[in-house]
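Student: What follows is a single structure, and I will ask about it in a moment.
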Amino acid sequence: MRISDVIRRKGDLVVTIRPDDSVEHLLAVLEERGIGALVVSEDGQTVAGIVSERDVVRHLHRSGAGVLTGPVSAIMTADVHTASPDDALDELARQMTERRVRHVPVVVDGRLRAIVSIGDVVKQRIDELQTERDQLVGYIQQ
């Protein structure tokens, strides 16, 4: 199973935010879209960073409410692990677990193409297991 299989199922829409947008704006977009992270990008095509709800909470705890009026660039993770659509899904799941990240941008030739969450990975695996189960039950009942 490849990352491209997950993208084909879930779609390739990626919501981005500019590094100079405020953290308040970030929170509004996260809430409006019902998502947990945004790719930070100047142009919507390249990855400058990633920012999640966790980043906001940690920085609020450390620095207080002033963080909300500051730029996303002040709280984002700049060293972003990315993946390719051709990468194996099992390897991505392993890396997400080891790195303790929940979202990985998918990049092709330096351009942002999609994003995969740990929830997407888990859903794909559950669907695979259900298909295998159904096939085994069908075989046994023959």
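Just remember, in the structure tokens the first chain shown is A, the second B, etc., residues are 1-based per chain, and ligands are 1-based in the order shown.
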Excluding A:Pro105 and any residue of its chain fewer than 4 positions from it, enumerate the residues within 10 Å of it, using only C-alpha atoms, and give them as a PyMOL selection string.

Tutor: chain A and resi 14+38-39+47+49-50+80-84+111-117

Student: Can you list, as an MDAnalysis selection string, every residue of chain A that DSSP puts in strand (DSSP E or B)?

Tutor: chainID A and resid 2 16:17 22 37:40 49:52 71 77 83 88 103:108 111:117

Student: Kindly indicate which residue among A:Ser41, A:Val72, A:Ile7, A:Ala48 lies nearest to A:Asp21, using only C-alpha atoms for the distances.

Tutor: A:Val72

Student: Once DSSP has gone over the backbone, tell me which residues of stretch 7-104 of chain A are in alpha helix (DSSP H), as a ChimeraX atom specification.

Tutor: /A:7-10,23-33,53-63,89-99

Student: Hey, what's within 8 Å of A:Val121 if we count only C-alpha atoms and toss same-chain stuff fewer than 3 positions away? As a CSV table (one decimal) with all heavy atoms, in the first residue's frame, please?

Tutor:
chain,number,residue,atom,x,y,z
A,6,VAL,N,-4.0,6.4,-0.2
A,6,VAL,CA,-4.7,7.2,0.7
A,6,VAL,C,-5.1,8.5,0.1
A,6,VAL,O,-6.3,8.9,0.3
A,6,VAL,CB,-3.8,7.5,2.0
A,6,VAL,CG1,-4.5,8.4,2.9
A,6,VAL,CG2,-3.4,6.2,2.7
A,89,LEU,N,3.0,3.1,2.8
A,89,LEU,CA,2.2,3.6,3.9
A,89,LEU,C,2.7,3.0,5.3
A,89,LEU,O,2.7,3.8,6.3
A,89,LEU,CB,0.7,3.2,3.7
A,89,LEU,CG,-0.3,3.9,4.5
A,89,LEU,CD1,-0.2,5.4,4.4
A,89,LEU,CD2,-1.7,3.4,4.2
A,93,ALA,N,3.7,5.3,8.5
A,93,ALA,CA,3.1,5.1,9.9
A,93,ALA,C,4.2,4.9,10.9
A,93,ALA,O,4.2,5.5,12.0
A,93,ALA,CB,2.2,3.9,9.8
A,116,VAL,N,-1.2,13.9,4.7
A,116,VAL,CA,-1.7,12.7,5.3
A,116,VAL,C,-1.6,12.8,6.8
A,116,VAL,O,-0.6,13.2,7.3
A,116,VAL,CB,-0.9,11.5,4.8
A,116,VAL,CG1,-1.4,10.2,5.4
A,116,VAL,CG2,-1.0,11.4,3.3
A,117,SER,N,-2.7,12.5,7.5
A,117,SER,CA,-2.7,12.5,8.9
A,117,SER,C,-2.7,11.0,9.4
A,117,SER,O,-2.9,10.1,8.7
A,117,SER,CB,-4.0,13.1,9.4
A,117,SER,OG,-5.1,12.3,9.2
A,118,ILE,N,-2.3,10.9,10.7
A,118,ILE,CA,-2.3,9.6,11.3
A,118,ILE,C,-3.7,9.0,11.3
A,118,ILE,O,-3.8,7.8,11.1
A,118,ILE,CB,-1.7,9.7,12.8
A,118,ILE,CG1,-1.4,8.3,13.3
A,118,ILE,CG2,-2.7,10.4,13.7
A,118,ILE,CD1,-0.2,7.6,12.6
A,124,GLN,N,-7.1,3.7,6.7
A,124,GLN,CA,-6.7,2.9,5.6
A,124,GLN,C,-6.4,1.5,6.1
A,124,GLN,O,-6.8,0.5,5.5
A,124,GLN,CB,-5.5,3.4,4.9
A,124,GLN,CG,-5.1,2.7,3.7
A,124,GLN,CD,-6.0,2.9,2.5
A,124,GLN,OE1,-6.6,3.9,2.4
A,124,GLN,NE2,-6.1,1.9,1.7
A,125,ARG,N,-5.7,1.4,7.2
A,125,ARG,CA,-5.4,0.1,7.8
A,125,ARG,C,-6.6,-0.7,8.3
A,125,ARG,O,-6.7,-1.9,8.1
A,125,ARG,CB,-4.4,0.2,9.0
A,125,ARG,CG,-3.8,-1.1,9.5
A,125,ARG,CD,-3.0,-1.8,8.4
A,125,ARG,NE,-2.6,-3.1,9.0
A,125,ARG,CZ,-2.7,-4.2,8.3
A,125,ARG,NH1,-3.2,-4.3,7.1
A,125,ARG,NH2,-2.4,-5.4,8.9

Student: Skipping near chain neighbours, those fewer than 5 positions away, what residues fall within 10 Å of A:Gly66 using only C-alpha atoms, listed as a list in words?

Tutor: Val23, His59 and Leu60 of chain A

Student: Can you write out the residues you just picked, keeping all heavy atoms, as a PDB file, in the first residue's frame?

Tutor:
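Output below, filename result-v3.pdb:
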ATOM      1  N   VAL A  23      -1.625  33.971  14.820  1.00  0.00           N
ATOM      2  CA  VAL A  23      -2.050  32.719  15.439  1.00  0.00           C
ATOM      3  C   VAL A  23      -3.569  32.732  15.629  1.00  0.00           C
ATOM      4  O   VAL A  23      -4.218  31.698  15.491  1.00  0.00           O
ATOM      5  CB  VAL A  23      -1.292  32.474  16.761  1.00  0.00           C
ATOM      6  CG1 VAL A  23      -1.828  31.254  17.484  1.00  0.00           C
ATOM      7  CG2 VAL A  23       0.210  32.335  16.490  1.00  0.00           C
ATOM      8  N   HIS A  59       2.768  26.847  23.140  1.00  0.00           N
ATOM      9  CA  HIS A  59       3.255  28.223  23.186  1.00  0.00           C
ATOM     10  C   HIS A  59       2.392  29.116  24.079  1.00  0.00           C
ATOM     11  O   HIS A  59       2.912  30.037  24.707  1.00  0.00           O
ATOM     12  CB  HIS A  59       3.393  28.786  21.773  1.00  0.00           C
ATOM     13  CG  HIS A  59       4.616  28.279  21.075  1.00  0.00           C
ATOM     14  ND1 HIS A  59       4.645  27.088  20.393  1.00  0.00           N
ATOM     15  CD2 HIS A  59       5.860  28.780  20.989  1.00  0.00           C
ATOM     16  CE1 HIS A  59       5.852  26.880  19.907  1.00  0.00           C
ATOM     17  NE2 HIS A  59       6.614  27.902  20.261  1.00  0.00           N
ATOM     18  N   LEU A  60       1.114  28.842  24.135  1.00  0.00           N
ATOM     19  CA  LEU A  60       0.258  29.578  25.077  1.00  0.00           C
ATOM     20  C   LEU A  60       0.712  29.322  26.506  1.00  0.00           C
ATOM     21  O   LEU A  60       0.784  30.248  27.326  1.00  0.00           O
ATOM     22  CB  LEU A  60      -1.199  29.146  24.921  1.00  0.00           C
ATOM     23  CG  LEU A  60      -2.039  29.860  23.893  1.00  0.00           C
ATOM     24  CD1 LEU A  60      -3.382  29.165  23.716  1.00  0.00           C
ATOM     25  CD2 LEU A  60      -2.235  31.320  24.246  1.00  0.00           C
TER      26      LEU A  60
END
